[in-house]
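Structure, as structure tokens:
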Amino acid sequence: MNKTIIEDLAAFAHDLQFERLPAPVVRRANDCLFDLIGCYFAALKQDPVRQKLREIAAFNPSGESRIWGTEDHCGIAEAALAIGTAAYHLEYDDGISVSGHWGSASVPASLLSVIAHGGTGKDALTALVCGYEVGGRISRMFSPQLLKRHVHFPCTMGAFGAAAGYAKGAGVSAQVMAGALSLAGLFPVGTYSTATGGAQGKGLYSGWPNYLGINAVRLAAIGLTGDPDVMEAPDGFARALGLPPITDEQLAGARECLGETYHFMQVYFKPYPCCRWLHAPVHAVEGLMRQHHLQPGDIARIEIGVPEFAMMYDTRTGYDSKVTCQYSIPYSVGAAAYFGQLGLEQYEAEARNDRQLHAYIERIHMHVDEELQAQFPAAFSVRVRLTLQNGTEVSAQEGTPWGPDSPPSQAELIRKFTGLTGGILPEQDQAAWVGLYQRGFEQETAWPEVLRLLHQPLKNTQLA
């Protein structure tokens with residue numbers, strides 16, 4: 001009898017060993033873990049985040065696990081919920097286009113599982129890869145259609161990656177892992193309005209999948225599973241999402257070169273703290289300004305051509321909300337041009353309330369570019385044209401920076417990490433993390449040091 005897609009993916013993840021991972025995959029796994037650690041600890045600078053972690057820990061104050069960088073002990077699912085929520089808070093974490101935010105949505109569950117079950121750094125990187133690979137291959141069957149329907153696919157699909165990573169770290173059987181993946185299809189759909197409307201629960205896009213993935217494995221381990229053909233069934237997962245039944249082509253795509261090439265290698269990283277779909281226009285405008293030595297006042301009009309779905313980010317209100325601005329192309333492009341950079345500071349209240357910036361944003365205009373629309377989702381790029389005050393026009397077409405075709409260098413990720421964690425991690429801890437990353441978290445001596453750094457509570461003076 002032919003196996004279902006869930007059974008095939010579970011068998012792959014169960015059998016995967018660190019020694020079988022190609023060297024580029026190991027290096028990229030190190031990148032992902034290092035980047036996530038930076039995003040997480042940077043979020044702890046903000047008192048509302050720290051307070052929410054403490055309140056989540058109180059839901060289940062057992063000694064099962066620890067929330068990193070704190071003295072809070074709680075259940076492992078609650079710890080993953082808290083860590084994933086914080087790691088996504090700044091909008092700086094990694095992802096795979098039209099797939100998910102697998103770093104924040106699955107790495108907390110994966111690492112906490114490895115820690116709880118006495119694993120090593122090699123085990124941690126292997127579980128991390130399983131979360132991205134299994135979650136991503138399942139997600140790609142549905143996420144292009146979900147994006148067209150304005151469903152937040154990283155939240156909707158995240159539990160698949162978290163379940164795979166947690167199950168791998170726990171060393172469960174392939175049957176239990178398949179059962180957990182079948183349960184992940186029971187969980188709720190993520191709405192984009194949570195982010196575009198500026199809701200404070202936006203971080204749960206990643207925290208919630210970690211929580212659900214862990215509990216899916218636990219339920220499967222006691223025999224409470226879903227149907228193994230939940231993807232193939234006419235009334236299965238696709239129907240629950242309001243989509244047509246899964247096709248043989250989609251299933252073949254999810255199995256394509258499984259274990260030979262890695263979907264994981266399509267991961268991107270973020271040079272800007274905002275929604276990934278905003279990075280291409282920001283990068284294009286910054287590049288044109290540098291290339292032509294332009295000042296903000298030199299620009300009379302900014303025209304941005306995008307695929308149709310990106311028009312949902314053409315928002316010009318809600319400046320009182322940081323989250324809303326992080327999902328707004330006009331705000332983010334305008335802030336980058338007006339201030340000459342786009343970092344965390346440009347999303348704080350002082351920048352958001354700048355009336356001159358609001359007026360500057362009126363120079364930005366968006367439209368659907370039919371050629372770019374025809375190429376999407378196989379390829380994503382934007383066209384930007386700047387009209388200068390003297391009537392001259394300059395233009396560029398750009399994809400997303402720090403993507404799989406132009407990944408950041410190790411030095412660039414280190415600069416991002418040190419910039420993010422300055423003021424929250426002591427310099428000696430920053431140096432320790434950088435050294436571990438450069439040597440490789442898979443090194444035998446690295447993992448005890450990783451655990452020390454994760455479990456070392458930050459001093460009150462380091463917290464906002």
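By convention here, the chains of the structure tokens are called A, B, ... in the order presented, each chain's residues are numbered starting at 1, and ligands are numbered starting at 1 in the order presented.
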**Request:** From the DSSP assignment of the backbone, select every residue of region 413-452 of chain A that is alpha helix (DSSP H), and format the answer as a ChimeraX atom specification.
**Result:** /A:413-421,427-439,446-452
**Request:** Could you pull out the residues in region 64-255 of chain A that DSSP calls strand (DSSP E or B) from the backbone, as a PyMOL selection string?
**Result:** chain A and resi 65-66+73-74+95-96+100+151+191
Could those selected residues go to a file with all heavy atoms, as an mmCIF file, in the first residue's frame?
data_model
loop_
_atom_site.group_PDB
_atom_site.id
_atom_site.type_symbol
_atom_site.label_atom_id
_atom_site.label_comp_id
_atom_site.auth_asym_id
_atom_site.auth_seq_id
_atom_site.Cartn_x
_atom_site.Cartn_y
_atom_site.Cartn_z
ATOM 1 N N SER A 65 10.437 23.071 32.062
ATOM 2 C CA SER A 65 11.313 23.774 31.135
ATOM 3 C C SER A 65 11.559 25.181 31.655
ATOM 4 O O SER A 65 11.000 25.585 32.679
ATOM 5 C CB SER A 65 10.678 23.813 29.740
ATOM 6 O OG SER A 65 11.607 24.263 28.783
ATOM 7 N N ARG A 66 12.404 25.897 30.948
ATOM 8 C CA ARG A 66 12.722 27.268 31.345
ATOM 9 C C ARG A 66 12.575 28.188 30.147
ATOM 10 O O ARG A 66 12.892 27.820 29.020
ATOM 11 C CB ARG A 66 14.160 27.354 31.875
ATOM 12 C CG ARG A 66 14.561 28.771 32.276
ATOM 13 C CD ARG A 66 15.980 28.852 32.764
ATOM 14 N NE ARG A 66 16.132 28.224 34.067
ATOM 15 C CZ ARG A 66 17.282 28.228 34.763
ATOM 16 N NH1 ARG A 66 18.352 28.813 34.260
ATOM 17 N NH2 ARG A 66 17.350 27.647 35.930
ATOM 18 N N HIS A 73 10.244 29.160 35.230
ATOM 19 C CA HIS A 73 10.098 27.771 34.874
ATOM 20 C C HIS A 73 8.625 27.490 34.607
ATOM 21 O O HIS A 73 7.750 28.027 35.291
ATOM 22 C CB HIS A 73 10.595 26.852 35.998
ATOM 23 C CG HIS A 73 12.078 26.870 36.173
ATOM 24 N ND1 HIS A 73 12.740 27.910 36.791
ATOM 25 C CD2 HIS A 73 13.033 25.980 35.797
ATOM 26 C CE1 HIS A 73 14.049 27.651 36.802
ATOM 27 N NE2 HIS A 73 14.242 26.496 36.210
ATOM 28 N N CYS A 74 8.363 26.628 33.632
ATOM 29 C CA CYS A 74 6.973 26.324 33.291
ATOM 30 C C CYS A 74 6.937 25.062 32.444
ATOM 31 O O CYS A 74 7.964 24.420 32.207
ATOM 32 C CB CYS A 74 6.325 27.490 32.542
ATOM 33 S SG CYS A 74 7.149 27.940 30.992
ATOM 34 N N GLY A 95 12.614 33.120 7.432
ATOM 35 C CA GLY A 95 11.455 32.449 6.851
ATOM 36 C C GLY A 95 11.799 31.873 5.497
ATOM 37 O O GLY A 95 12.949 31.954 5.037
ATOM 38 N N ILE A 96 10.811 31.265 4.876
ATOM 39 C CA ILE A 96 10.916 30.783 3.503
ATOM 40 C C ILE A 96 9.717 31.343 2.755
ATOM 41 O O ILE A 96 8.581 31.213 3.219
ATOM 42 C CB ILE A 96 10.948 29.251 3.428
ATOM 43 C CG1 ILE A 96 12.195 28.707 4.143
ATOM 44 C CG2 ILE A 96 10.932 28.773 1.974
ATOM 45 C CD1 ILE A 96 12.273 27.193 4.190
ATOM 46 N N GLY A 100 6.694 29.793 5.288
ATOM 47 C CA GLY A 100 6.456 30.053 6.699
ATOM 48 C C GLY A 100 7.619 30.731 7.376
ATOM 49 O O GLY A 100 8.707 30.878 6.810
ATOM 50 N N VAL A 151 -4.934 34.774 3.757
ATOM 51 C CA VAL A 151 -4.812 33.978 4.982
ATOM 52 C C VAL A 151 -3.345 33.989 5.393
ATOM 53 O O VAL A 151 -2.459 33.782 4.561
ATOM 54 C CB VAL A 151 -5.284 32.530 4.750
ATOM 55 C CG1 VAL A 151 -5.009 31.667 5.986
ATOM 56 C CG2 VAL A 151 -6.768 32.502 4.412
ATOM 57 N N THR A 191 -5.379 34.798 10.633
ATOM 58 C CA THR A 191 -5.918 35.920 9.861
ATOM 59 C C THR A 191 -4.874 37.024 9.723
ATOM 60 O O THR A 191 -4.173 37.352 10.683
ATOM 61 C CB THR A 191 -7.160 36.511 10.549
ATOM 62 O OG1 THR A 191 -6.789 37.004 11.845
ATOM 63 C CG2 THR A 191 -8.244 35.450 10.709
#
**Contacts of Pro330 (chain A) within 10 Å, only C-alpha atoms, excl. fewer than 4 positions in-chain, as a ChimeraX atom specification** = /A:278,281-282,302,304,313-317,325,334-336,358,360-366
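Taking only C-alpha atoms into account, Ala254 (chain A) lies nearest to A:Glu133 out of the set A:Asp123, A:Glu133, A:Glu64, A:Glu348.
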**Item:** 8 Å contact set for Ala446 (chain A), only C-alpha atoms, chain neighbours under 4 positions out, as a list in words
**Value:** Gly121, Leu436, Gly440, Phe441, Glu442 and Val450 of chain A
Polymer residues at most 10 Å from Ala82 (chain A), only C-alpha atoms, same-chain spacing of 3 or more positions, as an mmCIF file with N, CA, C and O atoms, in the first residue's frame:
data_model
loop_
_atom_site.group_PDB
_atom_site.id
_atom_site.type_symbol
_atom_site.label_atom_id
_atom_site.label_comp_id
_atom_site.auth_asym_id
_atom_site.auth_seq_id
_atom_site.Cartn_x
_atom_site.Cartn_y
_atom_site.Cartn_z
ATOM 1 N N VAL A 49 7.118 42.728 26.554
ATOM 2 C CA VAL A 49 7.442 41.352 26.149
ATOM 3 C C VAL A 49 7.833 40.544 27.372
ATOM 4 O O VAL A 49 7.333 39.434 27.594
ATOM 5 N N ARG A 50 8.728 41.085 28.167
ATOM 6 C CA ARG A 50 9.188 40.371 29.365
ATOM 7 C C ARG A 50 8.021 40.068 30.295
ATOM 8 O O ARG A 50 7.914 38.966 30.851
ATOM 9 N N LYS A 52 4.838 39.688 29.479
ATOM 10 C CA LYS A 52 3.976 38.660 28.890
ATOM 11 C C LYS A 52 4.584 37.272 29.043
ATOM 12 O O LYS A 52 3.865 36.293 29.261
ATOM 13 N N LEU A 53 5.903 37.164 28.935
ATOM 14 C CA LEU A 53 6.548 35.869 29.143
ATOM 15 C C LEU A 53 6.306 35.370 30.560
ATOM 16 O O LEU A 53 6.025 34.191 30.785
ATOM 17 N N ARG A 54 6.406 36.278 31.512
ATOM 18 C CA ARG A 54 6.174 35.908 32.912
ATOM 19 C C ARG A 54 4.729 35.453 33.123
ATOM 20 O O ARG A 54 4.465 34.478 33.837
ATOM 21 N N GLU A 55 3.803 36.132 32.460
ATOM 22 C CA GLU A 55 2.390 35.775 32.616
ATOM 23 C C GLU A 55 2.081 34.449 31.921
ATOM 24 O O GLU A 55 1.264 33.656 32.415
ATOM 25 N N ILE A 56 2.715 34.181 30.774
ATOM 26 C CA ILE A 56 2.523 32.885 30.109
ATOM 27 C C ILE A 56 3.072 31.761 30.987
ATOM 28 O O ILE A 56 2.449 30.697 31.118
ATOM 29 N N ALA A 57 4.232 31.987 31.599
ATOM 30 C CA ALA A 57 4.810 30.966 32.480
ATOM 31 C C ALA A 57 3.867 30.615 33.625
ATOM 32 O O ALA A 57 3.814 29.461 34.065
ATOM 33 N N ILE A 67 12.075 29.396 30.411
ATOM 34 C CA ILE A 67 12.030 30.427 29.377
ATOM 35 C C ILE A 67 13.396 31.091 29.345
ATOM 36 O O ILE A 67 13.870 31.623 30.347
ATOM 37 N N TRP A 68 14.026 31.076 28.198
ATOM 38 C CA TRP A 68 15.425 31.496 28.055
ATOM 39 C C TRP A 68 15.653 32.919 28.565
ATOM 40 O O TRP A 68 14.851 33.831 28.336
ATOM 41 N N ILE A 76 6.771 22.736 29.152
ATOM 42 C CA ILE A 76 7.560 22.882 27.935
ATOM 43 C C ILE A 76 6.748 23.510 26.804
ATOM 44 O O ILE A 76 7.265 24.307 26.022
ATOM 45 N N ALA A 77 5.456 23.182 26.726
ATOM 46 C CA ALA A 77 4.624 23.786 25.669
ATOM 47 C C ALA A 77 4.434 25.275 25.918
ATOM 48 O O ALA A 77 4.452 26.080 24.979
ATOM 49 N N GLU A 78 4.282 25.654 27.194
ATOM 50 C CA GLU A 78 4.137 27.078 27.515
ATOM 51 C C GLU A 78 5.440 27.828 27.269
ATOM 52 O O GLU A 78 5.434 28.984 26.812
ATOM 53 N N ALA A 79 6.573 27.182 27.561
ATOM 54 C CA ALA A 79 7.864 27.826 27.299
ATOM 55 C C ALA A 79 8.043 28.064 25.803
ATOM 56 O O ALA A 79 8.506 29.135 25.381
ATOM 57 N N THR A 85 6.671 33.444 20.623
ATOM 58 C CA THR A 85 5.989 34.740 20.564
ATOM 59 C C THR A 85 7.000 35.878 20.627
ATOM 60 O O THR A 85 6.919 36.848 19.861
ATOM 61 N N ALA A 86 7.970 35.771 21.535
ATOM 62 C CA ALA A 86 8.984 36.819 21.663
ATOM 63 C C ALA A 86 9.895 36.865 20.434
ATOM 64 O O ALA A 86 10.255 37.942 19.957
ATOM 65 N N ALA A 87 10.263 35.696 19.910
ATOM 66 C CA ALA A 87 11.186 35.653 18.770
ATOM 67 C C ALA A 87 10.592 36.299 17.528
ATOM 68 O O ALA A 87 11.326 36.801 16.673
ATOM 69 N N PRO A 108 11.895 27.035 18.649
ATOM 70 C CA PRO A 108 11.721 26.889 20.094
ATOM 71 C C PRO A 108 11.261 25.483 20.491
ATOM 72 O O PRO A 108 11.823 24.879 21.413
ATOM 73 N N GLY A 203 2.386 38.404 17.801
ATOM 74 C CA GLY A 203 3.484 37.480 18.062
ATOM 75 C C GLY A 203 3.041 36.034 18.177
ATOM 76 O O GLY A 203 3.837 35.110 18.002
ATOM 77 N N LEU A 204 1.741 35.826 18.448
ATOM 78 C CA LEU A 204 1.221 34.463 18.542
ATOM 79 C C LEU A 204 1.213 33.752 17.198
ATOM 80 O O LEU A 204 1.039 32.530 17.146
ATOM 81 N N SER A 206 3.658 32.971 15.687
ATOM 82 C CA SER A 206 4.721 31.983 15.837
ATOM 83 C C SER A 206 4.677 31.259 17.174
ATOM 84 O O SER A 206 5.049 30.091 17.258
ATOM 85 N N GLY A 207 4.242 31.935 18.222
ATOM 86 C CA GLY A 207 4.168 31.266 19.517
ATOM 87 C C GLY A 207 3.158 30.127 19.530
ATOM 88 O O GLY A 207 3.435 29.023 20.020
ATOM 89 N N TRP A 208 2.007 30.372 18.959
ATOM 90 C CA TRP A 208 0.927 29.379 18.966
ATOM 91 C C TRP A 208 1.298 28.098 18.226
ATOM 92 O O TRP A 208 1.042 26.996 18.730
ATOM 93 N N ASN A 210 4.179 26.674 17.945
ATOM 94 C CA ASN A 210 5.065 25.909 18.820
ATOM 95 C C ASN A 210 4.267 25.149 19.867
ATOM 96 O O ASN A 210 4.500 23.964 20.115
ATOM 97 N N TYR A 211 3.331 25.830 20.475
ATOM 98 C CA TYR A 211 2.486 25.220 21.511
ATOM 99 C C TYR A 211 1.674 24.065 20.933
ATOM 100 O O TYR A 211 1.601 22.976 21.516
#
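Computed from the coordinates, the CA of Ile246 (chain A) to CA of Gly179 (chain A) distance equals 19.4 Å.
All residues of protein, DNA or RNA that reach within 12 Å of Ala199 (chain A), judged by only C-alpha atoms and not counting those fewer than 3 positions away in the chain, are His89, Thr191, Tyr192, Ser193, Thr194, Ala195, Thr196, Lys202, Gly203, Leu204, Tyr205, Gly318, Asp320, Ser321, Lys322, Val323, Thr324, Cys325 and Tyr327 of chain A.
Shortest separation to Ala23 (chain A) among A:Leu186, A:Ala80, A:Leu344, A:Leu125 occurs at residue A:Leu125, atoms counted being only C-alpha atoms.
Residues within 8 Å of region 378-395 of chain A, counting only C-alpha atoms and excluding same-chain residues fewer than 6 positions away, are Ala280, Pro281, Ala284, Val285, Leu288, Asp298, Ile299, Ala300, Arg301, Ile302, Glu303, Ile304, Gly305, Val306, Pro307 and Leu372 of chain A.
Comparing the minimum interatomic distances between Ala159 (chain A) and each of A:Leu212, A:Val107, A:Cys257, A:Cys275, counting only C-alpha atoms, we find that A:Leu212 sits nearest.
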